[in-house]
Amino acid sequence: MKISRHKLGRDHAAHETITKTSGRFTQGLPDTIVIHYTAGSTLESALSTFKDPDVRASAHVVVDKDGSLTQLVPFDHIAWHAGQSAFRDRTGLNRFSIGIELVNAGRLEKNGSAWSSWFGRNYPQEQVVQAVHRNEKEPTYWERFTPEQIDAVFNLCSLLKKAYNIKHILGHEEISPGRKIDPGPAFPLDKLRDRLLHADRSDQDEQRIRKPARGMVRASALNIRTGPSAKTMTIAHPLSKNTELDILDQQDGWLQVKVQITGWVSGRFVEKLPG
Ligand SMILES: [Zn+2]
């Protein structure tokens with residue numbers, strides 16, 4: 001994938017020209033990417049909204065469920081995706097950022113044995129993620145992003161980082177909390193940031209194990225399981241309060257952790273393994 005004249009190569013993206021922009025970015029910008037979902041069901045419905053001259057919204061790229069990309073606004077032009085927003089000392093993030101929209105319904109409501117979107121479409125269980133939104137406390141339901149979409153966003157962000165000196169990758173929910181909930185907890189935003197921004201590594205080293213984040217158990221007892229679901233088996237006694245952890249990965253509101261305990265045990269009961 002390549003960018004030339006601020007557009008994705010035609011082999012890798014479809015292009016639609018829309019004029020809903022505020023002109024060019026100032027020197028040194030954009031340096032931020034903002035991730036969104038469309039809150040809709042198809043690419044076609046997203047494109048018709050973005051192309052509608054009466055809707056004051058636009059974005060640089062829309063990512064369909066099969067991972068295909070459609071570019072609407074060149075990367076050197078300001079699109080209208082963030083609205084009222086703030087990050088650190090900045091307000092109005094459109095002037096600083098590239099907006100990427102993923103085709104996704106967003107939050108779902110459980111109705112009997114099905115999950116439905118705000119526009120009334122039903123989703124089977126395998127397309128549903130139950131997770132806690134970063135701005136909320138209780139788990140809710142979300143449409144699962146496809147692996148192709150997530151791959152496409154990772155690749156696109158990696159390309160944009162090289163082309164535009166991207167320093168921040170943010171969710172709309174982080175710059176407009178209270179007003180916006182996209183992309184929501186089904187999108188691996190922290191992993192994306194971690195891979196592209198926090199790791200000073202070449203692409204070949206992507207698979208290398210990083211220094212893990214640390215955490216501490218806050219509940220009085222916490223089950224530790226084989227997988228990221230309450231349906232999976234526990235693998236040890238529950239972890240007790242204040243147990244320190246290394247956080248290795250995260251998925252759907254679950255953390256893969258490694259427990260670090262240092263202490264003394266009787267040598268008679270430990271088999272030494274060959275190093
Ligand atoms: Zn948004």
# chains A, B, ... in the order shown; residues from 1 in each chain; ligands from 1
>>> residues_near_ligand(ligand="ligand 1", cutoff="9 Å", atoms="only C-alpha atoms and all ligand atoms", output="list in words")
Val34, Ile35, His36, Tyr37, Thr38, Ala39, His81, Ala82, Gly83, Gly99, Ile100, Glu101, Gly171, His172, Glu173, Ser176, Lys180, Ile181, Asp182 and Pro183 of chain A
>>> closest_atom_pairs(of="range 102-178 of chain A", to="range 4-17 of chain A", cutoff="12 Å", atoms="only C-alpha atoms", output="JSON lines")
{"residue": "A:Ala152", "atom": "CA", "partner": "A:His12", "partner_atom": "CA", "distance": 10.3}
{"residue": "A:Asn155", "atom": "CA", "partner": "A:His12", "partner_atom": "CA", "distance": 11.2}
{"residue": "A:Leu156", "atom": "CA", "partner": "A:Leu8", "partner_atom": "CA", "distance": 9.3}
{"residue": "A:Leu159", "atom": "CA", "partner": "A:Leu8", "partner_atom": "CA", "distance": 9.7}
{"residue": "A:Leu160", "atom": "CA", "partner": "A:His6", "partner_atom": "CA", "distance": 9.8}
{"residue": "A:Ala163", "atom": "CA", "partner": "A:His6", "partner_atom": "CA", "distance": 8.9}
{"residue": "A:Tyr164", "atom": "CA", "partner": "A:His6", "partner_atom": "CA", "distance": 9.7}
>>> residues_around(residues="Glu126 in chain A", least_positions_apart="6", cutoff="12 Å", atoms="only C-alpha atoms", output="VMD selection string")
chain A and resid 114 to 115 141 to 146
>>> select_by_dssp(residues="range 118-239 of chain A", states="alpha helix (DSSP H)", output="number ranges by chain")
A: 147-164, 172-175, 189-196
>>> write_last_selection(atoms="N, CA, C and O atoms", output="short mmCIF file (atom, residue, chain, number, x, y, z; two decimals), in the first residue's frame")
data_model
loop_
_atom_site.label_atom_id
_atom_site.label_comp_id
_atom_site.auth_asym_id
_atom_site.auth_seq_id
_atom_site.Cartn_x
_atom_site.Cartn_y
_atom_site.Cartn_z
N PRO A 147 -11.84 -9.46 11.49
CA PRO A 147 -10.37 -9.47 11.49
C PRO A 147 -9.81 -8.70 10.29
O PRO A 147 -8.77 -8.04 10.40
N GLU A 148 -10.51 -8.78 9.15
CA GLU A 148 -10.04 -8.07 7.95
C GLU A 148 -10.06 -6.55 8.17
O GLU A 148 -9.15 -5.84 7.74
N GLN A 149 -11.10 -6.08 8.86
CA GLN A 149 -11.19 -4.64 9.16
C GLN A 149 -10.06 -4.21 10.08
O GLN A 149 -9.44 -3.17 9.87
N ILE A 150 -9.83 -5.02 11.09
CA ILE A 150 -8.81 -4.64 12.08
C ILE A 150 -7.43 -4.66 11.43
O ILE A 150 -6.64 -3.73 11.60
N ASP A 151 -7.16 -5.68 10.63
CA ASP A 151 -5.89 -5.73 9.88
C ASP A 151 -5.73 -4.51 9.00
O ASP A 151 -4.66 -3.90 8.94
N ALA A 152 -6.81 -4.17 8.29
CA ALA A 152 -6.75 -3.04 7.36
C ALA A 152 -6.46 -1.74 8.11
O ALA A 152 -5.66 -0.91 7.66
N VAL A 153 -7.07 -1.57 9.29
CA VAL A 153 -6.83 -0.34 10.06
C VAL A 153 -5.39 -0.31 10.58
O VAL A 153 -4.73 0.73 10.52
N PHE A 154 -4.90 -1.46 11.05
CA PHE A 154 -3.51 -1.50 11.53
C PHE A 154 -2.56 -1.14 10.39
O PHE A 154 -1.64 -0.33 10.57
N ASN A 155 -2.78 -1.73 9.20
CA ASN A 155 -1.89 -1.45 8.07
C ASN A 155 -1.99 0.01 7.63
O ASN A 155 -0.97 0.64 7.34
N LEU A 156 -3.21 0.52 7.59
CA LEU A 156 -3.40 1.91 7.18
C LEU A 156 -2.73 2.87 8.17
O LEU A 156 -2.04 3.81 7.77
N CYS A 157 -2.91 2.62 9.45
CA CYS A 157 -2.30 3.50 10.46
C CYS A 157 -0.78 3.42 10.40
O CYS A 157 -0.09 4.44 10.57
N SER A 158 -0.26 2.25 10.13
CA SER A 158 1.18 2.09 10.02
C SER A 158 1.71 2.90 8.84
O SER A 158 2.73 3.60 8.94
N LEU A 159 0.99 2.85 7.73
CA LEU A 159 1.36 3.61 6.54
C LEU A 159 1.26 5.12 6.81
O LEU A 159 2.16 5.90 6.46
N LEU A 160 0.18 5.54 7.46
CA LEU A 160 -0.02 6.97 7.75
C LEU A 160 1.05 7.47 8.72
O LEU A 160 1.50 8.61 8.61
N LYS A 161 1.45 6.61 9.64
CA LYS A 161 2.47 7.01 10.61
C LYS A 161 3.76 7.36 9.88
O LYS A 161 4.42 8.35 10.19
N LYS A 162 4.12 6.54 8.91
CA LYS A 162 5.35 6.80 8.16
C LYS A 162 5.21 8.06 7.30
O LYS A 162 6.14 8.85 7.18
N ALA A 163 4.03 8.27 6.71
CA ALA A 163 3.86 9.39 5.78
C ALA A 163 3.67 10.73 6.49
O ALA A 163 4.05 11.77 5.96
N TYR A 164 3.07 10.72 7.67
CA TYR A 164 2.67 12.00 8.30
C TYR A 164 3.19 12.20 9.72
O TYR A 164 2.71 13.07 10.43
N HIS A 172 -12.70 8.29 19.04
CA HIS A 172 -13.63 9.42 19.16
C HIS A 172 -14.14 9.53 20.60
O HIS A 172 -14.31 10.63 21.14
N GLU A 173 -14.36 8.35 21.23
CA GLU A 173 -14.83 8.29 22.63
C GLU A 173 -13.86 8.97 23.61
O GLU A 173 -14.26 9.36 24.70
N GLU A 174 -12.61 9.11 23.22
CA GLU A 174 -11.62 9.71 24.12
C GLU A 174 -11.54 11.22 23.96
O GLU A 174 -11.14 11.92 24.89
N ILE A 175 -11.88 11.71 22.77
CA ILE A 175 -11.78 13.16 22.54
C ILE A 175 -13.14 13.85 22.68
O ILE A 175 -13.20 15.07 22.77
N LEU A 189 -8.12 -0.67 20.39
CA LEU A 189 -7.45 0.62 20.28
C LEU A 189 -6.12 0.67 21.04
O LEU A 189 -5.13 1.19 20.55
N ASP A 190 -6.13 0.10 22.25
CA ASP A 190 -4.90 0.13 23.04
C ASP A 190 -3.79 -0.69 22.38
O ASP A 190 -2.62 -0.30 22.40
N LYS A 191 -4.20 -1.82 21.78
CA LYS A 191 -3.22 -2.65 21.10
C LYS A 191 -2.65 -1.92 19.87
O LYS A 191 -1.46 -1.98 19.60
N LEU A 192 -3.52 -1.22 19.16
CA LEU A 192 -3.09 -0.46 17.99
C LEU A 192 -2.06 0.60 18.39
O LEU A 192 -0.99 0.73 17.79
N ARG A 193 -2.37 1.34 19.45
CA ARG A 193 -1.44 2.36 19.94
C ARG A 193 -0.13 1.74 20.40
O ARG A 193 0.94 2.25 20.11
N ASP A 194 -0.28 0.65 21.12
CA ASP A 194 0.87 -0.03 21.67
C ASP A 194 1.81 -0.47 20.56
O ASP A 194 3.02 -0.30 20.63
N ARG A 195 1.24 -1.05 19.51
CA ARG A 195 2.04 -1.55 18.40
C ARG A 195 2.68 -0.45 17.61
O ARG A 195 3.83 -0.53 17.22
N LEU A 196 1.92 0.62 17.34
CA LEU A 196 2.42 1.62 16.40
C LEU A 196 3.12 2.79 17.06
O LEU A 196 3.98 3.40 16.45
#
>>> atom_distance(atom1="CA of Asp76 in chain A", atom2="CA of His198 in chain A")
24.7 Å
>>> select_by_dssp(residues="range 139-219 of chain A", states="strand (DSSP E or B)", output="ChimeraX atom specification")
/A:139-143,168-171,213-216
>>> write_last_selection(atoms="all heavy atoms", output="mmCIF file, in the first residue's frame")
data_model
loop_
_atom_site.group_PDB
_atom_site.id
_atom_site.type_symbol
_atom_site.label_atom_id
_atom_site.label_comp_id
_atom_site.auth_asym_id
_atom_site.auth_seq_id
_atom_site.Cartn_x
_atom_site.Cartn_y
_atom_site.Cartn_z
ATOM 1 N N PRO A 139 -20.609 -3.975 31.684
ATOM 2 C CA PRO A 139 -20.457 -4.515 30.330
ATOM 3 C C PRO A 139 -21.726 -4.321 29.497
ATOM 4 O O PRO A 139 -22.836 -4.395 30.029
ATOM 5 C CB PRO A 139 -20.177 -6.012 30.552
ATOM 6 C CG PRO A 139 -20.613 -6.307 31.938
ATOM 7 C CD PRO A 139 -20.575 -5.028 32.715
ATOM 8 N N THR A 140 -21.552 -4.065 28.209
ATOM 9 C CA THR A 140 -22.669 -3.947 27.268
ATOM 10 C C THR A 140 -22.270 -4.707 25.999
ATOM 11 O O THR A 140 -21.183 -5.280 25.935
ATOM 12 C CB THR A 140 -22.985 -2.469 26.951
ATOM 13 O OG1 THR A 140 -21.775 -1.824 26.551
ATOM 14 C CG2 THR A 140 -23.591 -1.754 28.137
ATOM 15 N N TYR A 141 -23.169 -4.704 25.006
ATOM 16 C CA TYR A 141 -22.953 -5.511 23.797
ATOM 17 C C TYR A 141 -22.575 -4.622 22.617
ATOM 18 O O TYR A 141 -23.097 -3.519 22.456
ATOM 19 C CB TYR A 141 -24.225 -6.302 23.477
ATOM 20 C CG TYR A 141 -24.645 -7.203 24.606
ATOM 21 C CD1 TYR A 141 -25.702 -6.851 25.444
ATOM 22 C CD2 TYR A 141 -23.971 -8.396 24.851
ATOM 23 C CE1 TYR A 141 -26.081 -7.676 26.493
ATOM 24 C CE2 TYR A 141 -24.345 -9.229 25.888
ATOM 25 C CZ TYR A 141 -25.401 -8.863 26.715
ATOM 26 O OH TYR A 141 -25.772 -9.674 27.760
ATOM 27 N N TRP A 142 -21.696 -5.171 21.771
ATOM 28 C CA TRP A 142 -21.158 -4.400 20.641
ATOM 29 C C TRP A 142 -21.014 -5.320 19.434
ATOM 30 O O TRP A 142 -20.704 -6.504 19.598
ATOM 31 C CB TRP A 142 -19.769 -3.846 21.003
ATOM 32 C CG TRP A 142 -19.804 -3.025 22.238
ATOM 33 C CD1 TRP A 142 -19.779 -3.499 23.528
ATOM 34 C CD2 TRP A 142 -19.935 -1.615 22.330
ATOM 35 N NE1 TRP A 142 -19.881 -2.442 24.419
ATOM 36 C CE2 TRP A 142 -19.977 -1.277 23.708
ATOM 37 C CE3 TRP A 142 -20.014 -0.587 21.390
ATOM 38 C CZ2 TRP A 142 -20.089 0.042 24.153
ATOM 39 C CZ3 TRP A 142 -20.123 0.716 21.836
ATOM 40 C CH2 TRP A 142 -20.168 1.025 23.207
ATOM 41 N N GLU A 143 -21.177 -4.754 18.247
ATOM 42 C CA GLU A 143 -20.919 -5.573 17.070
ATOM 43 C C GLU A 143 -19.417 -5.818 16.933
ATOM 44 O O GLU A 143 -18.610 -4.889 17.031
ATOM 45 C CB GLU A 143 -21.443 -4.920 15.770
ATOM 46 C CG GLU A 143 -21.334 -5.923 14.623
ATOM 47 C CD GLU A 143 -21.502 -5.366 13.226
ATOM 48 O OE1 GLU A 143 -21.722 -4.152 13.070
ATOM 49 O OE2 GLU A 143 -21.409 -6.169 12.279
ATOM 50 N N HIS A 168 -0.252 10.525 17.714
ATOM 51 C CA HIS A 168 -1.369 10.097 18.560
ATOM 52 C C HIS A 168 -2.374 9.308 17.729
ATOM 53 O O HIS A 168 -2.694 9.710 16.612
ATOM 54 C CB HIS A 168 -2.110 11.299 19.154
ATOM 55 C CG HIS A 168 -1.201 12.323 19.772
ATOM 56 N ND1 HIS A 168 -0.512 12.091 20.941
ATOM 57 C CD2 HIS A 168 -0.850 13.563 19.362
ATOM 58 C CE1 HIS A 168 0.216 13.159 21.223
ATOM 59 N NE2 HIS A 168 0.034 14.066 20.289
ATOM 60 N N ILE A 169 -2.863 8.209 18.299
ATOM 61 C CA ILE A 169 -3.998 7.496 17.717
ATOM 62 C C ILE A 169 -5.066 7.452 18.807
ATOM 63 O O ILE A 169 -4.825 6.919 19.901
ATOM 64 C CB ILE A 169 -3.613 6.066 17.274
ATOM 65 C CG1 ILE A 169 -2.488 6.121 16.215
ATOM 66 C CG2 ILE A 169 -4.843 5.341 16.713
ATOM 67 C CD1 ILE A 169 -1.968 4.761 15.792
ATOM 68 N N LEU A 170 -6.222 8.056 18.517
ATOM 69 C CA LEU A 170 -7.239 8.236 19.550
ATOM 70 C C LEU A 170 -8.580 7.699 19.076
ATOM 71 O O LEU A 170 -8.863 7.668 17.880
ATOM 72 C CB LEU A 170 -7.382 9.732 19.874
ATOM 73 C CG LEU A 170 -6.095 10.429 20.334
ATOM 74 C CD1 LEU A 170 -6.299 11.939 20.367
ATOM 75 C CD2 LEU A 170 -5.666 9.916 21.703
ATOM 76 N N GLY A 171 -9.410 7.312 20.034
ATOM 77 C CA GLY A 171 -10.788 6.965 19.723
ATOM 78 C C GLY A 171 -11.654 8.212 19.846
ATOM 79 O O GLY A 171 -11.377 9.093 20.672
ATOM 80 N N ALA A 213 2.872 -4.603 30.728
ATOM 81 C CA ALA A 213 2.330 -3.630 31.667
ATOM 82 C C ALA A 213 2.099 -4.338 33.001
ATOM 83 O O ALA A 213 1.957 -5.557 33.040
ATOM 84 C CB ALA A 213 1.033 -3.064 31.122
ATOM 85 N N ARG A 214 2.049 -3.582 34.096
ATOM 86 C CA ARG A 214 1.852 -4.170 35.417
ATOM 87 C C ARG A 214 0.458 -3.843 35.924
ATOM 88 O O ARG A 214 -0.128 -2.836 35.554
ATOM 89 C CB ARG A 214 2.892 -3.605 36.401
ATOM 90 C CG ARG A 214 4.315 -3.740 35.925
ATOM 91 C CD ARG A 214 4.952 -5.054 36.303
ATOM 92 N NE ARG A 214 5.151 -5.145 37.732
ATOM 93 C CZ ARG A 214 5.040 -6.275 38.426
ATOM 94 N NH1 ARG A 214 4.686 -7.387 37.808
ATOM 95 N NH2 ARG A 214 5.259 -6.302 39.713
ATOM 96 N N GLY A 215 -0.058 -4.712 36.762
ATOM 97 C CA GLY A 215 -1.360 -4.460 37.354
ATOM 98 C C GLY A 215 -1.443 -5.072 38.738
ATOM 99 O O GLY A 215 -0.507 -5.756 39.179
ATOM 100 N N MET A 216 -2.535 -4.789 39.438
ATOM 101 C CA MET A 216 -2.736 -5.346 40.774
ATOM 102 C C MET A 216 -4.207 -5.707 40.942
ATOM 103 O O MET A 216 -5.084 -4.962 40.502
ATOM 104 C CB MET A 216 -2.315 -4.332 41.837
ATOM 105 C CG MET A 216 -2.277 -4.918 43.237
ATOM 106 S SD MET A 216 -1.847 -3.673 44.464
ATOM 107 C CE MET A 216 -0.070 -3.724 44.393
#
>>> closest_residue(among="A:Arg95, A:Arg121, A:Arg88, A:Lys20", to="Ser41 in chain A", atoms="only C-alpha atoms")
A:Arg121
>>> residues_around(residues="Ser22 in chain A", least_positions_apart="2", cutoff="7 Å", atoms="only C-alpha atoms", output="ChimeraX atom specification")
/A:24,78-79
>>> closest_residue(among="A:Leu93, A:Val265, A:Leu222, A:Ala131", to="Pro185 in chain A", atoms="only C-alpha atoms")
A:Ala131
>>> residues_around(residues="Gly253 in chain A", least_positions_apart="4", cutoff="10 Å", atoms="only C-alpha atoms", output="NGL selection string")
:A and (129-134 or 139 or 185-186 or 188 or 228-229)
>>> atom_distance(atom1="CA of Ala105 in chain A", atom2="CA of Ile18 in chain A")
23.3 Å
>>> closest_residue(among="A:Gln125, A:Thr70, A:Asn94, A:Ser48", to="Glu109 in chain A", atoms="only C-alpha atoms")
A:Gln125
>>> closest_residue(among="A:Asn165, A:Ser68, A:Gln127, A:Gln251", to="Leu29 in chain A", atoms="only C-alpha atoms")
A:Asn165
>>> residues_around(residues="Gln256 in chain A", least_positions_apart="3", cutoff="9 Å", atoms="only C-alpha atoms", output="JSON, numbers by chain")
{"A": [227, 228, 246, 247, 248, 249, 250, 251]}
>>> residues_around(residues="Ser220 in chain A", least_positions_apart="3", cutoff="10 Å", atoms="only C-alpha atoms", output="list in words")
Val217, Pro238, Leu239, Ser240, Lys241, Asn242 and Thr243 of chain A
>>> write_last_selection(atoms="C-alpha atoms", output="PDB file, in the first residue's frame")
ATOM      1  CA  VAL A 217      -5.852  -7.320  41.734  1.00  0.00           C
ATOM      2  CA  PRO A 238      -8.558 -17.396  42.613  1.00  0.00           C
ATOM      3  CA  LEU A 239      -5.989 -14.635  42.851  1.00  0.00           C
ATOM      4  CA  SER A 240      -6.159 -12.733  46.098  1.00  0.00           C
ATOM      5  CA  LYS A 241      -6.341  -8.992  46.602  1.00  0.00           C
ATOM      6  CA  ASN A 242      -3.154  -7.031  45.884  1.00  0.00           C
ATOM      7  CA  THR A 243      -1.605  -9.838  43.834  1.00  0.00           C
TER       8      THR A 243
END
>>> atom_distance(atom1="CA of Ala230 in chain A", atom2="CA of Trp254 in chain A")
9.7 Å
